[in-house]
Amino acid sequence: MDVLNKLRVLSMSAKYDVACTSSGSDRGSVKGMLGNTKPAGICHSFTPDGRCVSLLKVLFSNSCIYNCEYCVNRRDNDVERATFTPEELGELTINFYKRNYIEGLFLSSAVIKNPDYTMELLYSTLKIVREKYKFNGYIHVKAIPGASQDLIQKTGLLADRMSVNIELPSSESLQILAPEKSKTAILKPMRMIKNNIVQNKEELILYKHAPKFAPAGQSTQLIVGATPESDKKIITLSENLYNRFGLKRVFYSAYQPVSNSKILPTEKPPLLREHRLYQADWLLRYYGFTSEDILKEDENLSLNMDPKCQWALNNLHLFPVEINSADYFTLLKVPGIGVLGVDKIVKARKNNLIDFEDLKKMRIVLKRAKYFITCKGKMFDKFAYTRENLDFRLSENKINEQYEQLSFFGGVQNT
């Protein structure tokens, strides 16, 4: 199989990994028009300094020794198989970069033969790209669970970010759907990466020119909807991963029925559930919430309103808060007010008392915030602030359970 056919197969196989924002199109070049797109797995990600970069998103191989029920590349699935060589993928990456298609590489792989063999191939690819072609751009690579610490450490010194996909929210689900894998084997490389990042930061303090290990940190991915775990369990797991392993991001992927499994759901969950989990994750990382704040019981997030509104309605005794005197962290928990909005409020009220017109000029989302704040001791309007009334007004009625997943590969499905 030639390199372009390998690229076709392995870029399509990589599309189910959501550890970055994906995009795909098959428009070719047109006379008289600028630019063209190819189904070559071009995706977008963000560098540590906030820049959005285009990456070549591809698997090294989709020939896997494992038979995970949820995976399109599982051993027993009848799909077209391909494997690059390190030289092929290195040259392909540089040629894409020289043509200004990409600014970096997002590299993962199915497990070939064994974890160490696969990790060695990924390391060899990165070494060719970095040392032979002198590429200094962004590289995100997946660490293979079960690979040796030495291989993970060497690879991390060539990559900007590393990640290990935890995939399923519980050991029980992993045992049922991927019995050849174990939670311990998945968490071990995550711990290795964390320890290496911490050690590297200490080395950089002592030696300014010490090589950097995964300076953009590490991330992971969870599949949502393939197994019965509640959103509460998923959010609690994410919180633990952030606290224990210092992760930069947890990515949530709504389950896609891509393999002929008899024990998995035949229908995919709505994208809205995935979206709610991302909103809750944002509250964990930037708004000072805990998983216990977001959901008390073993239940799912509301599909009718965002998690912040849901929390506020469950804690109406804490509201309303006075916009001119409430502290920073109290304001952060008001629906409709984000981190930038709180910064603007705190800065502005040092000089003058703020009213609702001032908040509008600051672009605060009063559609939600007005029910939970006072300005100069007054509410926005006369309204019976009961749980039932607020439920109705804050409900996103236009979005229902028929909300479907958007596909980046094939347009909108079933909308």
# chains A, B, ... in the order shown; residues from 1 in each chain; ligands from 1
$ select_by_dssp --residues "region 123-313 of chain A" --states "alpha helix (DSSP H)" --output "PyMOL selection string"
chain A and resi 123-127+149-156+171-177+183-206+231-245+271-286+291-294+307-313
$ residues_around --residues "Lys268 (chain A)" --least-positions-apart "6" --cutoff "8 Å" --atoms "only C-alpha atoms" --output "compact mmCIF listing (two decimals) with N, CA and C atoms, in the first residue's frame"
# COMPACT_ATOMS: atom_id res chain seq x y z
N GLY A 225 -21.51 7.26 27.37
CA GLY A 225 -22.72 6.66 26.83
C GLY A 225 -22.60 5.22 26.39
N ALA A 254 -18.77 11.44 23.01
CA ALA A 254 -20.05 10.72 22.97
C ALA A 254 -19.87 9.44 22.18
N TYR A 255 -20.32 8.33 22.74
CA TYR A 255 -20.13 7.01 22.13
C TYR A 255 -20.68 6.96 20.71
N GLN A 256 -19.88 6.37 19.82
CA GLN A 256 -20.28 6.16 18.44
C GLN A 256 -20.36 4.65 18.18
N PRO A 257 -21.50 4.12 17.73
CA PRO A 257 -21.60 2.67 17.45
C PRO A 257 -20.84 2.31 16.19
$ residues_around --residues "Phe60 (chain A)" --least-positions-apart "4" --cutoff "6 Å" --atoms "only C-alpha atoms" --output "list in words"
Thr83, Phe84 and Ser109 of chain A
$ write_last_selection --atoms "N, CA and C atoms" --output "short mmCIF file (atom, residue, chain, number, x, y, z; two decimals), in the first residue's frame"
data_model
loop_
_atom_site.label_atom_id
_atom_site.label_comp_id
_atom_site.auth_asym_id
_atom_site.auth_seq_id
_atom_site.Cartn_x
_atom_site.Cartn_y
_atom_site.Cartn_z
N THR A 83 -0.22 0.35 8.16
CA THR A 83 0.80 0.74 9.14
C THR A 83 1.88 1.54 8.43
N PHE A 84 2.21 2.70 8.96
CA PHE A 84 3.32 3.49 8.44
C PHE A 84 4.65 2.89 8.90
N SER A 109 -1.70 5.56 18.03
CA SER A 109 -1.56 4.29 17.33
C SER A 109 -2.34 3.20 18.03
#
$ residues_around --residues "Lys132 (chain A)" --least-positions-apart "6" --cutoff "12 Å" --atoms "only C-alpha atoms" --output "number ranges by chain"
A: 86-87, 90-91, 94, 124-126
$ write_last_selection --atoms "C-alpha atoms" --output "short mmCIF file (atom, residue, chain, number, x, y, z; two decimals), in the first residue's frame"
data_model
loop_
_atom_site.label_atom_id
_atom_site.label_comp_id
_atom_site.auth_asym_id
_atom_site.auth_seq_id
_atom_site.Cartn_x
_atom_site.Cartn_y
_atom_site.Cartn_z
CA PRO A 86 8.72 5.90 10.96
CA GLU A 87 10.50 7.17 7.83
CA GLY A 90 8.31 11.58 9.24
CA GLU A 91 8.67 12.55 5.58
CA ILE A 94 7.48 17.51 6.91
CA SER A 124 11.48 6.63 16.29
CA THR A 125 8.99 8.70 14.29
CA LEU A 126 9.33 11.70 16.58
#
$ select_by_dssp --residues "region 130-298 of chain A" --states "strand (DSSP E or B)" --output "PyMOL selection string"
chain A and resi 138-142+161-163+167+218-224+249-254
$ write_last_selection --atoms "N, CA and C atoms" --output "PDB file, in the first residue's frame"
ATOM      1  N   TYR A 138       4.771  22.022  17.029  1.00  0.00           N
ATOM      2  CA  TYR A 138       3.994  21.367  18.088  1.00  0.00           C
ATOM      3  C   TYR A 138       3.770  19.881  17.769  1.00  0.00           C
ATOM      4  N   ILE A 139       3.996  19.011  18.743  1.00  0.00           N
ATOM      5  CA  ILE A 139       3.731  17.575  18.600  1.00  0.00           C
ATOM      6  C   ILE A 139       2.995  17.065  19.832  1.00  0.00           C
ATOM      7  N   HIS A 140       1.866  16.404  19.590  1.00  0.00           N
ATOM      8  CA  HIS A 140       1.103  15.729  20.638  1.00  0.00           C
ATOM      9  C   HIS A 140       1.155  14.236  20.323  1.00  0.00           C
ATOM     10  N   VAL A 141       1.598  13.435  21.283  1.00  0.00           N
ATOM     11  CA  VAL A 141       1.723  11.989  21.053  1.00  0.00           C
ATOM     12  C   VAL A 141       1.040  11.227  22.185  1.00  0.00           C
ATOM     13  N   LYS A 142       0.450  10.082  21.836  1.00  0.00           N
ATOM     14  CA  LYS A 142      -0.189   9.232  22.842  1.00  0.00           C
ATOM     15  C   LYS A 142       0.830   8.266  23.437  1.00  0.00           C
ATOM     16  N   ARG A 161       3.091  17.682  24.119  1.00  0.00           N
ATOM     17  CA  ARG A 161       2.061  17.150  25.005  1.00  0.00           C
ATOM     18  C   ARG A 161       1.969  15.642  24.843  1.00  0.00           C
ATOM     19  N   MET A 162       1.689  14.945  25.957  1.00  0.00           N
ATOM     20  CA  MET A 162       1.444  13.503  25.920  1.00  0.00           C
ATOM     21  C   MET A 162       0.069  13.231  26.510  1.00  0.00           C
ATOM     22  N   SER A 163      -0.524  12.136  26.112  1.00  0.00           N
ATOM     23  CA  SER A 163      -1.817  11.775  26.681  1.00  0.00           C
ATOM     24  C   SER A 163      -1.961  10.265  26.734  1.00  0.00           C
ATOM     25  N   GLU A 167     -10.444   6.110  28.601  1.00  0.00           N
ATOM     26  CA  GLU A 167     -11.514   5.553  27.777  1.00  0.00           C
ATOM     27  C   GLU A 167     -12.820   5.261  28.506  1.00  0.00           C
ATOM     28  N   GLN A 218      -0.255  16.904  30.043  1.00  0.00           N
ATOM     29  CA  GLN A 218      -0.892  15.689  29.545  1.00  0.00           C
ATOM     30  C   GLN A 218      -2.411  15.789  29.619  1.00  0.00           C
ATOM     31  N   SER A 219      -3.083  14.969  28.825  1.00  0.00           N
ATOM     32  CA  SER A 219      -4.544  14.960  28.780  1.00  0.00           C
ATOM     33  C   SER A 219      -5.025  13.518  28.657  1.00  0.00           C
ATOM     34  N   THR A 220      -6.348  13.337  28.663  1.00  0.00           N
ATOM     35  CA  THR A 220      -6.923  12.002  28.491  1.00  0.00           C
ATOM     36  C   THR A 220      -8.300  12.132  27.856  1.00  0.00           C
ATOM     37  N   GLN A 221      -8.893  10.993  27.512  1.00  0.00           N
ATOM     38  CA  GLN A 221     -10.209  10.963  26.870  1.00  0.00           C
ATOM     39  C   GLN A 221     -11.096   9.927  27.541  1.00  0.00           C
ATOM     40  N   LEU A 222     -12.384  10.284  27.712  1.00  0.00           N
ATOM     41  CA  LEU A 222     -13.394   9.376  28.260  1.00  0.00           C
ATOM     42  C   LEU A 222     -14.521   9.192  27.261  1.00  0.00           C
ATOM     43  N   ILE A 223     -14.975   7.968  27.078  1.00  0.00           N
ATOM     44  CA  ILE A 223     -16.114   7.689  26.208  1.00  0.00           C
ATOM     45  C   ILE A 223     -17.382   7.758  27.049  1.00  0.00           C
ATOM     46  N   VAL A 224     -18.359   8.532  26.572  1.00  0.00           N
ATOM     47  CA  VAL A 224     -19.602   8.767  27.311  1.00  0.00           C
ATOM     48  C   VAL A 224     -20.764   8.061  26.619  1.00  0.00           C
ATOM     49  N   ARG A 249      -6.325  18.663  30.430  1.00  0.00           N
ATOM     50  CA  ARG A 249      -7.687  18.514  29.927  1.00  0.00           C
ATOM     51  C   ARG A 249      -8.149  17.074  30.039  1.00  0.00           C
ATOM     52  N   VAL A 250      -9.440  16.920  30.307  1.00  0.00           N
ATOM     53  CA  VAL A 250     -10.127  15.650  30.101  1.00  0.00           C
ATOM     54  C   VAL A 250     -11.089  15.882  28.942  1.00  0.00           C
ATOM     55  N   PHE A 251     -10.982  15.074  27.892  1.00  0.00           N
ATOM     56  CA  PHE A 251     -11.868  15.190  26.742  1.00  0.00           C
ATOM     57  C   PHE A 251     -12.963  14.135  26.839  1.00  0.00           C
ATOM     58  N   TYR A 252     -14.180  14.537  26.499  1.00  0.00           N
ATOM     59  CA  TYR A 252     -15.338  13.638  26.571  1.00  0.00           C
ATOM     60  C   TYR A 252     -15.819  13.340  25.154  1.00  0.00           C
ATOM     61  N   SER A 253     -15.991  12.068  24.857  1.00  0.00           N
ATOM     62  CA  SER A 253     -16.403  11.658  23.515  1.00  0.00           C
ATOM     63  C   SER A 253     -17.707  10.884  23.599  1.00  0.00           C
ATOM     64  N   ALA A 254     -18.773  11.438  23.010  1.00  0.00           N
ATOM     65  CA  ALA A 254     -20.049  10.719  22.969  1.00  0.00           C
ATOM     66  C   ALA A 254     -19.865   9.435  22.178  1.00  0.00           C
TER      67      ALA A 254
END
$ residues_around --residues "Tyr242 (chain A)" --least-positions-apart "3" --cutoff "12 Å" --atoms "only C-alpha atoms" --output "PyMOL selection string"
chain A and resi 190-191+194+217-220+235-239+245-250+281-282+284-285+290-291
$ write_last_selection --atoms "C-alpha atoms" --output "PDB file, in the first residue's frame"
ATOM      1  CA  MET A 190      -0.163   8.804  33.542  1.00  0.00           C
ATOM      2  CA  ARG A 191       1.722   8.751  36.815  1.00  0.00           C
ATOM      3  CA  LYS A 194       3.222  13.502  35.853  1.00  0.00           C
ATOM      4  CA  GLY A 217       1.276  18.760  29.974  1.00  0.00           C
ATOM      5  CA  GLN A 218      -0.892  15.689  29.545  1.00  0.00           C
ATOM      6  CA  SER A 219      -4.544  14.960  28.780  1.00  0.00           C
ATOM      7  CA  THR A 220      -6.923  12.002  28.491  1.00  0.00           C
ATOM      8  CA  ILE A 235     -17.257  14.214  36.802  1.00  0.00           C
ATOM      9  CA  THR A 236     -15.883  12.739  40.048  1.00  0.00           C
ATOM     10  CA  LEU A 237     -13.380  10.681  38.040  1.00  0.00           C
ATOM     11  CA  SER A 238     -12.303  13.788  36.107  1.00  0.00           C
ATOM     12  CA  GLU A 239     -11.844  15.736  39.339  1.00  0.00           C
ATOM     13  CA  PHE A 245      -2.126  13.630  37.806  1.00  0.00           C
ATOM     14  CA  GLY A 246      -2.190  17.358  37.077  1.00  0.00           C
ATOM     15  CA  LEU A 247      -3.981  16.876  33.746  1.00  0.00           C
ATOM     16  CA  LYS A 248      -4.473  19.861  31.454  1.00  0.00           C
ATOM     17  CA  ARG A 249      -7.687  18.514  29.927  1.00  0.00           C
ATOM     18  CA  VAL A 250     -10.127  15.650  30.101  1.00  0.00           C
ATOM     19  CA  ASP A 281     -15.577  20.261  33.511  1.00  0.00           C
ATOM     20  CA  TRP A 282     -15.095  24.004  32.938  1.00  0.00           C
ATOM     21  CA  LEU A 284     -14.174  22.249  37.938  1.00  0.00           C
ATOM     22  CA  ARG A 285     -11.145  23.839  36.295  1.00  0.00           C
ATOM     23  CA  THR A 290     -16.165  20.517  43.140  1.00  0.00           C
ATOM     24  CA  SER A 291     -17.867  17.419  41.763  1.00  0.00           C
TER      25      SER A 291
END
$ atom_distance --atom1 "CA of Gln153 (chain A)" --atom2 "CA of Ser61 (chain A)"
21.5 Å
$ decode --residues "region 140-244 of chain A" --atoms "C-alpha atoms" --output "PDB file, in the first residue's frame"
ATOM      1  CA  HIS A 140       1.103  15.729  20.638  1.00  0.00           C
ATOM      2  CA  VAL A 141       1.723  11.989  21.053  1.00  0.00           C
ATOM      3  CA  LYS A 142      -0.189   9.232  22.842  1.00  0.00           C
ATOM      4  CA  ALA A 143       1.649   7.157  25.439  1.00  0.00           C
ATOM      5  CA  ILE A 144       0.878   3.450  25.115  1.00  0.00           C
ATOM      6  CA  PRO A 145      -0.283   1.811  28.386  1.00  0.00           C
ATOM      7  CA  GLY A 146       2.141  -0.969  29.305  1.00  0.00           C
ATOM      8  CA  ALA A 147       5.162   0.643  27.657  1.00  0.00           C
ATOM      9  CA  SER A 148       8.368   0.989  29.671  1.00  0.00           C
ATOM     10  CA  GLN A 149       9.194   4.100  31.639  1.00  0.00           C
ATOM     11  CA  ASP A 150      12.381   4.611  29.630  1.00  0.00           C
ATOM     12  CA  LEU A 151      10.470   4.737  26.325  1.00  0.00           C
ATOM     13  CA  ILE A 152       7.835   7.101  27.704  1.00  0.00           C
ATOM     14  CA  GLN A 153      10.524   9.388  29.106  1.00  0.00           C
ATOM     15  CA  LYS A 154      12.482   9.498  25.821  1.00  0.00           C
ATOM     16  CA  THR A 155       9.321  10.184  23.836  1.00  0.00           C
ATOM     17  CA  GLY A 156       8.178  12.909  26.236  1.00  0.00           C
ATOM     18  CA  LEU A 157      11.438  14.802  25.666  1.00  0.00           C
ATOM     19  CA  LEU A 158      10.521  15.035  21.962  1.00  0.00           C
ATOM     20  CA  ALA A 159       6.826  15.904  22.411  1.00  0.00           C
ATOM     21  CA  ASP A 160       5.009  19.036  23.547  1.00  0.00           C
ATOM     22  CA  ARG A 161       2.061  17.150  25.005  1.00  0.00           C
ATOM     23  CA  MET A 162       1.444  13.503  25.920  1.00  0.00           C
ATOM     24  CA  SER A 163      -1.817  11.775  26.681  1.00  0.00           C
ATOM     25  CA  VAL A 164      -3.108   8.403  27.827  1.00  0.00           C
ATOM     26  CA  ASN A 165      -6.720   7.558  27.012  1.00  0.00           C
ATOM     27  CA  ILE A 166      -8.508   6.185  30.070  1.00  0.00           C
ATOM     28  CA  GLU A 167     -11.514   5.553  27.777  1.00  0.00           C
ATOM     29  CA  LEU A 168     -14.069   4.032  30.187  1.00  0.00           C
ATOM     30  CA  PRO A 169     -15.233   5.581  33.494  1.00  0.00           C
ATOM     31  CA  SER A 170     -14.921   2.473  35.693  1.00  0.00           C
ATOM     32  CA  SER A 171     -12.867  -0.675  36.165  1.00  0.00           C
ATOM     33  CA  GLU A 172     -16.061  -2.741  35.870  1.00  0.00           C
ATOM     34  CA  SER A 173     -16.846  -1.363  32.405  1.00  0.00           C
ATOM     35  CA  LEU A 174     -13.235  -1.807  31.326  1.00  0.00           C
ATOM     36  CA  GLN A 175     -13.367  -5.452  32.412  1.00  0.00           C
ATOM     37  CA  ILE A 176     -16.518  -6.060  30.370  1.00  0.00           C
ATOM     38  CA  LEU A 177     -15.645  -4.148  27.199  1.00  0.00           C
ATOM     39  CA  ALA A 178     -11.835  -4.327  27.186  1.00  0.00           C
ATOM     40  CA  PRO A 179     -10.817  -7.328  29.320  1.00  0.00           C
ATOM     41  CA  GLU A 180      -7.283  -7.327  27.865  1.00  0.00           C
ATOM     42  CA  LYS A 181      -6.663  -3.907  29.459  1.00  0.00           C
ATOM     43  CA  SER A 182      -6.518  -2.902  33.103  1.00  0.00           C
ATOM     44  CA  LYS A 183      -7.021   0.304  35.037  1.00  0.00           C
ATOM     45  CA  THR A 184      -3.576  -0.102  36.627  1.00  0.00           C
ATOM     46  CA  ALA A 185      -1.861  -0.352  33.233  1.00  0.00           C
ATOM     47  CA  ILE A 186      -3.619   2.832  32.075  1.00  0.00           C
ATOM     48  CA  LEU A 187      -2.909   4.878  35.201  1.00  0.00           C
ATOM     49  CA  LYS A 188       0.748   3.836  35.439  1.00  0.00           C
ATOM     50  CA  PRO A 189       1.955   5.857  32.398  1.00  0.00           C
ATOM     51  CA  MET A 190      -0.163   8.804  33.542  1.00  0.00           C
ATOM     52  CA  ARG A 191       1.722   8.751  36.815  1.00  0.00           C
ATOM     53  CA  MET A 192       5.049   8.405  34.972  1.00  0.00           C
ATOM     54  CA  ILE A 193       4.273  11.443  32.825  1.00  0.00           C
ATOM     55  CA  LYS A 194       3.222  13.502  35.853  1.00  0.00           C
ATOM     56  CA  ASN A 195       6.399  12.584  37.774  1.00  0.00           C
ATOM     57  CA  ASN A 196       8.594  13.361  34.785  1.00  0.00           C
ATOM     58  CA  ILE A 197       6.917  16.762  34.309  1.00  0.00           C
ATOM     59  CA  VAL A 198       7.446  17.628  37.989  1.00  0.00           C
ATOM     60  CA  GLN A 199      11.066  16.449  37.896  1.00  0.00           C
ATOM     61  CA  ASN A 200      11.709  18.352  34.681  1.00  0.00           C
ATOM     62  CA  LYS A 201      10.405  21.602  36.201  1.00  0.00           C
ATOM     63  CA  GLU A 202      12.879  21.186  39.067  1.00  0.00           C
ATOM     64  CA  GLU A 203      15.715  20.523  36.607  1.00  0.00           C
ATOM     65  CA  LEU A 204      14.843  23.644  34.622  1.00  0.00           C
ATOM     66  CA  ILE A 205      15.164  25.743  37.784  1.00  0.00           C
ATOM     67  CA  LEU A 206      18.734  24.467  38.240  1.00  0.00           C
ATOM     68  CA  TYR A 207      19.706  24.163  34.572  1.00  0.00           C
ATOM     69  CA  LYS A 208      18.154  26.733  32.249  1.00  0.00           C
ATOM     70  CA  HIS A 209      18.936  24.714  29.102  1.00  0.00           C
ATOM     71  CA  ALA A 210      17.774  21.321  30.363  1.00  0.00           C
ATOM     72  CA  PRO A 211      15.586  19.522  27.770  1.00  0.00           C
ATOM     73  CA  LYS A 212      11.864  20.011  28.391  1.00  0.00           C
ATOM     74  CA  PHE A 213       9.567  17.062  29.042  1.00  0.00           C
ATOM     75  CA  ALA A 214       6.017  17.458  27.610  1.00  0.00           C
ATOM     76  CA  PRO A 215       5.891  21.200  28.422  1.00  0.00           C
ATOM     77  CA  ALA A 216       2.203  21.409  27.378  1.00  0.00           C
ATOM     78  CA  GLY A 217       1.276  18.760  29.974  1.00  0.00           C
ATOM     79  CA  GLN A 218      -0.892  15.689  29.545  1.00  0.00           C
ATOM     80  CA  SER A 219      -4.544  14.960  28.780  1.00  0.00           C
ATOM     81  CA  THR A 220      -6.923  12.002  28.491  1.00  0.00           C
ATOM     82  CA  GLN A 221     -10.209  10.963  26.870  1.00  0.00           C
ATOM     83  CA  LEU A 222     -13.394   9.376  28.260  1.00  0.00           C
ATOM     84  CA  ILE A 223     -16.114   7.689  26.208  1.00  0.00           C
ATOM     85  CA  VAL A 224     -19.602   8.767  27.311  1.00  0.00           C
ATOM     86  CA  GLY A 225     -22.723   6.663  26.827  1.00  0.00           C
ATOM     87  CA  ALA A 226     -21.219   3.266  26.007  1.00  0.00           C
ATOM     88  CA  THR A 227     -21.648   2.149  29.612  1.00  0.00           C
ATOM     89  CA  PRO A 228     -24.230   2.981  32.330  1.00  0.00           C
ATOM     90  CA  GLU A 229     -22.063   5.231  34.542  1.00  0.00           C
ATOM     91  CA  SER A 230     -23.775   8.455  35.578  1.00  0.00           C
ATOM     92  CA  ASP A 231     -22.474  11.965  34.912  1.00  0.00           C
ATOM     93  CA  LYS A 232     -21.765  12.255  38.627  1.00  0.00           C
ATOM     94  CA  LYS A 233     -19.343   9.317  38.420  1.00  0.00           C
ATOM     95  CA  ILE A 234     -17.692  10.735  35.295  1.00  0.00           C
ATOM     96  CA  ILE A 235     -17.257  14.214  36.802  1.00  0.00           C
ATOM     97  CA  THR A 236     -15.883  12.739  40.048  1.00  0.00           C
ATOM     98  CA  LEU A 237     -13.380  10.681  38.040  1.00  0.00           C
ATOM     99  CA  SER A 238     -12.303  13.788  36.107  1.00  0.00           C
ATOM    100  CA  GLU A 239     -11.844  15.736  39.339  1.00  0.00           C
ATOM    101  CA  ASN A 240      -9.635  12.952  40.724  1.00  0.00           C
ATOM    102  CA  LEU A 241      -7.574  12.852  37.517  1.00  0.00           C
ATOM    103  CA  TYR A 242      -6.999  16.614  37.656  1.00  0.00           C
ATOM    104  CA  ASN A 243      -5.987  16.455  41.320  1.00  0.00           C
ATOM    105  CA  ARG A 244      -3.830  13.306  41.172  1.00  0.00           C
TER     106      ARG A 244
END
